[in-house]
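What follows is a short report on a single structure.
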Amino acid sequence: MSLTAPPDAGATLTQWLAYLESLHPKTIDLGLERVRQVAQRLKIELDCVKIVVGGTNGKGSTCAMLEAMLLAAGFKTGLYTSPHLIDFNERVRVNGELASDADLVTQFQAVEAARGDTSLTYFEFTTLAALRLFALSRLDAVVLEVGLGGRLDAVNIVDADCAVVTSVDLDHMDWLGDTREKIGYEKAHIYRPGKPAICADPMPPQSLVDHAAAIGADLWQFGQDYNYSGDRQQWAYGGRAQRRSALAYPALRGANQLLNAAAALAALEALRDRLPVPQQAVRLGLLQATLPGRFQILPGQPTVILDVGHNPHAAAVLAQNLDNMGFHPYTYAVFGMLTDKDVAGVVAKLGGRIDRWYCAGLPGPRGGSGQALAEQVRAALPSPGAGDDVPLIAAYADPAQAYAAARAQAGEGDRIVVFGSFFTVAAVLQSLGRKS
């Protein structure tokens with residue numbers, strides 16, 4: 001039970017969210033028993049096609065493309081993602097529109113009334129609110145992003161008609177295990193017996209493949225059941241029984257986006273009897289899908305790149321994307337990471353591409369100081385040889401200050417890369433007065 005009284009009838013969304021943060025003794029408390037119990041009391045039934053997307057990286061992009069293609073095909077679609085960058089409403093979309101404050105508050109009131117003495121985490125509570133809103137919205141399809149892992153994540157109370165695992169790499173190791181095999185086992189639990197189970201990881205852990213076989217899921221593996229090919233102008237998808245050619249590259253930038261797009265198209269192929277998506281809707285959806293903070297390039301000079309990548313796998317992709325850009329004399333990093341992340345692993349992937357590091361402190365119990373982060377960066381970078389330039393490493397209280405300092409130093413032809421956490425990207429977006 002929370003010691004805080006629930007908000008009154010006229011409470012705002014902000015007041016509700018503050019209350020939810022106080023409800024449960026732990027921020028993360030994996031397990032389905034509590035959330036399933038309250039879902040049953042709420043009688044949540046999603047009478048539509050349910051697509052669940054998990055994975056270490058690429059979840060958000062895959063969800064965005066699925067939603068955009070389904071909307072372009074005329075299907076009424078719900079989308080649930082996390083975390084948000086600026087406003088909580090970003091997490092819940094109905095038919096392409098952000099859920100309103102009033103709609104969310106109504107669902108929070110319903111979940112609060114139904115939970116009784118059952119304690120729920122912030123994520124569990126908000127997931128139930130989103131699912132109830134979708135259930136009442138008469139949708140054709142919902143796309144649901146897993147928050148953390150899969151097996152014990154609140155989203156996994158939903159039985160997916162098709163589940164996608166985008167990638168399996170090392171992240172959230174305190175919760176999911178310290179090897180790809182352990183993490184793959186956790187993520188594979190969003191798969192369901194007899195249902196399409198898409199795996200976009202080119203080298204999936206054996207634990208994922210074995211779990212899919214053990215439960216009798218219909219596993220679609222990248223490189224075996226579906227694939228993509230492309231040239232400089234266009235690309236093509238080839239699946240078990242469906243080929244889509246002459247496709248424009250996705251509006252979402254980055255080296256891994258074809259892997260994510262192909263996984264989304266495999267899911268649509270597997271569901272084509274229930275959700276037929278014509279070629280024109282695929283083309284339109286790929287061009288219209290947007291997702292702030294995923295190798296997002298802001299207009300103007302110097303070039304500013306925003307990337308929420310916060311683990312070595314995402315950093316390797318970011319490094320590849322930076323290499324694919326044109327020449328820039330200097331690259332400035334506005335870098336902020338949570339203390340429970342692999343800072344050394346991320347720096348190792350990007351070290352040679354960054355000329356100056358502007359290390360930012362982050363808030364909250366998992367945040368640390370800019371000074372502590374700067375020391376970790378210094379320790380992780382290789383020692384300069386004779387004649388090598390020593391990269392500048394400076395510390396700042398928060399990402400907005402770090403960005404302002406980088407912006408003051410950068411020339412027009414240079415680039416600034418803001419990365420390391422959702423918190424880092426969100427703080428810089430807010431300092432620029434942008435919503436996305």
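Ordering of the structure tokens sets the chain letters (A, B, ...), residue numbers begin anew at 1 in every chain, and ligands are numbered from 1 in the order given.
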What are the DSSP alpha helix (DSSP H) residues of segment 122-311 of chain A, as a ChimeraX atom specification? /A:122-135,173-176,180-188,206-215,257-270,279-288
Please identify all polymer residues within 12 Å of segment 314-325 of chain A, counting only C-alpha atoms, omitting same-chain residues fewer than 5 positions from it, and present them as JSON, numbers by chain. {"A": [55, 56, 57, 58, 59, 167, 168, 169, 170, 171, 252, 253, 254, 255, 256, 257, 259, 293, 294, 295, 296, 297, 303, 304, 305, 306, 307, 308, 309, 331, 332, 333, 335, 342, 343, 344, 345, 346, 347, 348, 349, 350, 351, 352, 353, 354, 414, 415, 416, 417, 418, 419, 420, 421]}
From the options A:Gln109, A:Thr14, A:Ser61, A:Gln279, which residue's atoms come nearest to Leu258 of chain A, counting only C-alpha atoms?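 So, comparing all the options, the nearest one is A:Ser61.
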Might you pull out every residue within 9 Å of Arg41 of chain A, with only C-alpha atoms counted and same-chain residues fewer than 5 positions away left off, and present them as a ChimeraX atom specification? /A:36,114-115
Keeping C-alpha atoms, export the residues of the selection given above as a compact mmCIF listing (two decimals), in the first residue's frame.
```
# COMPACT_ATOMS: atom_id res chain seq x y z
CA ARG A 36 -2.40 -10.05 -14.10
CA ALA A 114 -9.55 -1.98 -9.30
CA ARG A 115 -6.17 -2.59 -7.68
```
Would you kindly return, as a VMD selection string, each protein, DNA or RNA residue with an atom no farther than 8 Å from any atom of Ala262 of chain A, considering only C-alpha atoms and excluding same-chain residues fewer than 4 positions away? chain A and resid 200 226 to 228 237 258 266
Between A:Arg151, A:Ile157, A:Val165, A:Ala39, which is the closest to Leu128 of chain A once you count only C-alpha atoms?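 Closest residue, counting only C-alpha atoms: A:Ala39.
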Residue among A:Ala5, A:Arg132, A:Leu271, A:Leu298 lying closest to Arg434 of chain A, counting only C-alpha atoms: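 Closest to Arg434 of chain A of all the choices is A:Leu298.
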Please identify which residues in segment 246-407 of chain A DSSP calls strand (DSSP E or B) from the backbone, and express them as a count of residues only. 25
Contacts of Tyr403 of chain A at 8 Å or less, counting only C-alpha atoms, minus same-chain residues fewer than 6 places along, as an MDAnalysis selection string? chainID A and resid 334 358 418 428
Any chance you could export the current selection's all heavy atoms as a short mmCIF file (atom, residue, chain, number, x, y, z; two decimals), in the first residue's frame?
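What landed in selection_39.cif:
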```
data_model
loop_
_atom_site.label_atom_id
_atom_site.label_comp_id
_atom_site.auth_asym_id
_atom_site.auth_seq_id
_atom_site.Cartn_x
_atom_site.Cartn_y
_atom_site.Cartn_z
N VAL A 334 28.06 15.17 -26.56
CA VAL A 334 27.35 15.54 -25.33
C VAL A 334 26.84 14.22 -24.77
O VAL A 334 25.93 13.60 -25.31
CB VAL A 334 26.20 16.52 -25.62
CG1 VAL A 334 25.38 16.78 -24.36
CG2 VAL A 334 26.75 17.83 -26.18
N TYR A 358 31.86 16.14 -23.71
CA TYR A 358 31.19 17.03 -22.75
C TYR A 358 30.28 16.14 -21.90
O TYR A 358 29.18 15.76 -22.33
CB TYR A 358 30.40 18.11 -23.50
CG TYR A 358 31.29 19.07 -24.26
CD1 TYR A 358 31.87 18.68 -25.47
CD2 TYR A 358 31.58 20.34 -23.77
CE1 TYR A 358 32.72 19.54 -26.17
CE2 TYR A 358 32.42 21.20 -24.47
CZ TYR A 358 32.98 20.80 -25.66
OH TYR A 358 33.81 21.66 -26.34
N VAL A 418 24.63 13.94 -29.42
CA VAL A 418 24.02 13.90 -28.08
C VAL A 418 23.54 12.47 -27.87
O VAL A 418 22.65 11.99 -28.58
CB VAL A 418 22.83 14.88 -28.00
CG1 VAL A 418 22.19 14.83 -26.61
CG2 VAL A 418 23.28 16.30 -28.35
N VAL A 428 18.25 17.85 -23.72
CA VAL A 428 18.71 18.74 -24.79
C VAL A 428 17.53 19.20 -25.64
O VAL A 428 17.44 20.40 -26.00
CB VAL A 428 19.80 18.05 -25.64
CG1 VAL A 428 20.10 18.86 -26.91
CG2 VAL A 428 21.07 17.89 -24.81
#
```
Near segment 81-93 of chain A, counting only C-alpha atoms, which residues have an atom at most 10 Å away, once you skip same-chain residues fewer than 6 positions from it, shown as number ranges by chain? A: 13-14, 17, 53, 59-60, 63-64, 67, 99-101, 103-104, 123, 126-127, 129-131, 133-134, 142-148, 292-293, 308, 422-427, 429-430, 434-436
May I ask for the distance between atom CA of Gly411 of chain A and atom CA of Ala360 of chain A, given in Å to one decimal place?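 Going from atom CA of Gly411 of chain A over to atom CA of Ala360 of chain A covers 21.0 Å.
Put simply, atom CA of Ser207 of chain A is 8.0 Å away from atom CA of Ala188 of chain A.
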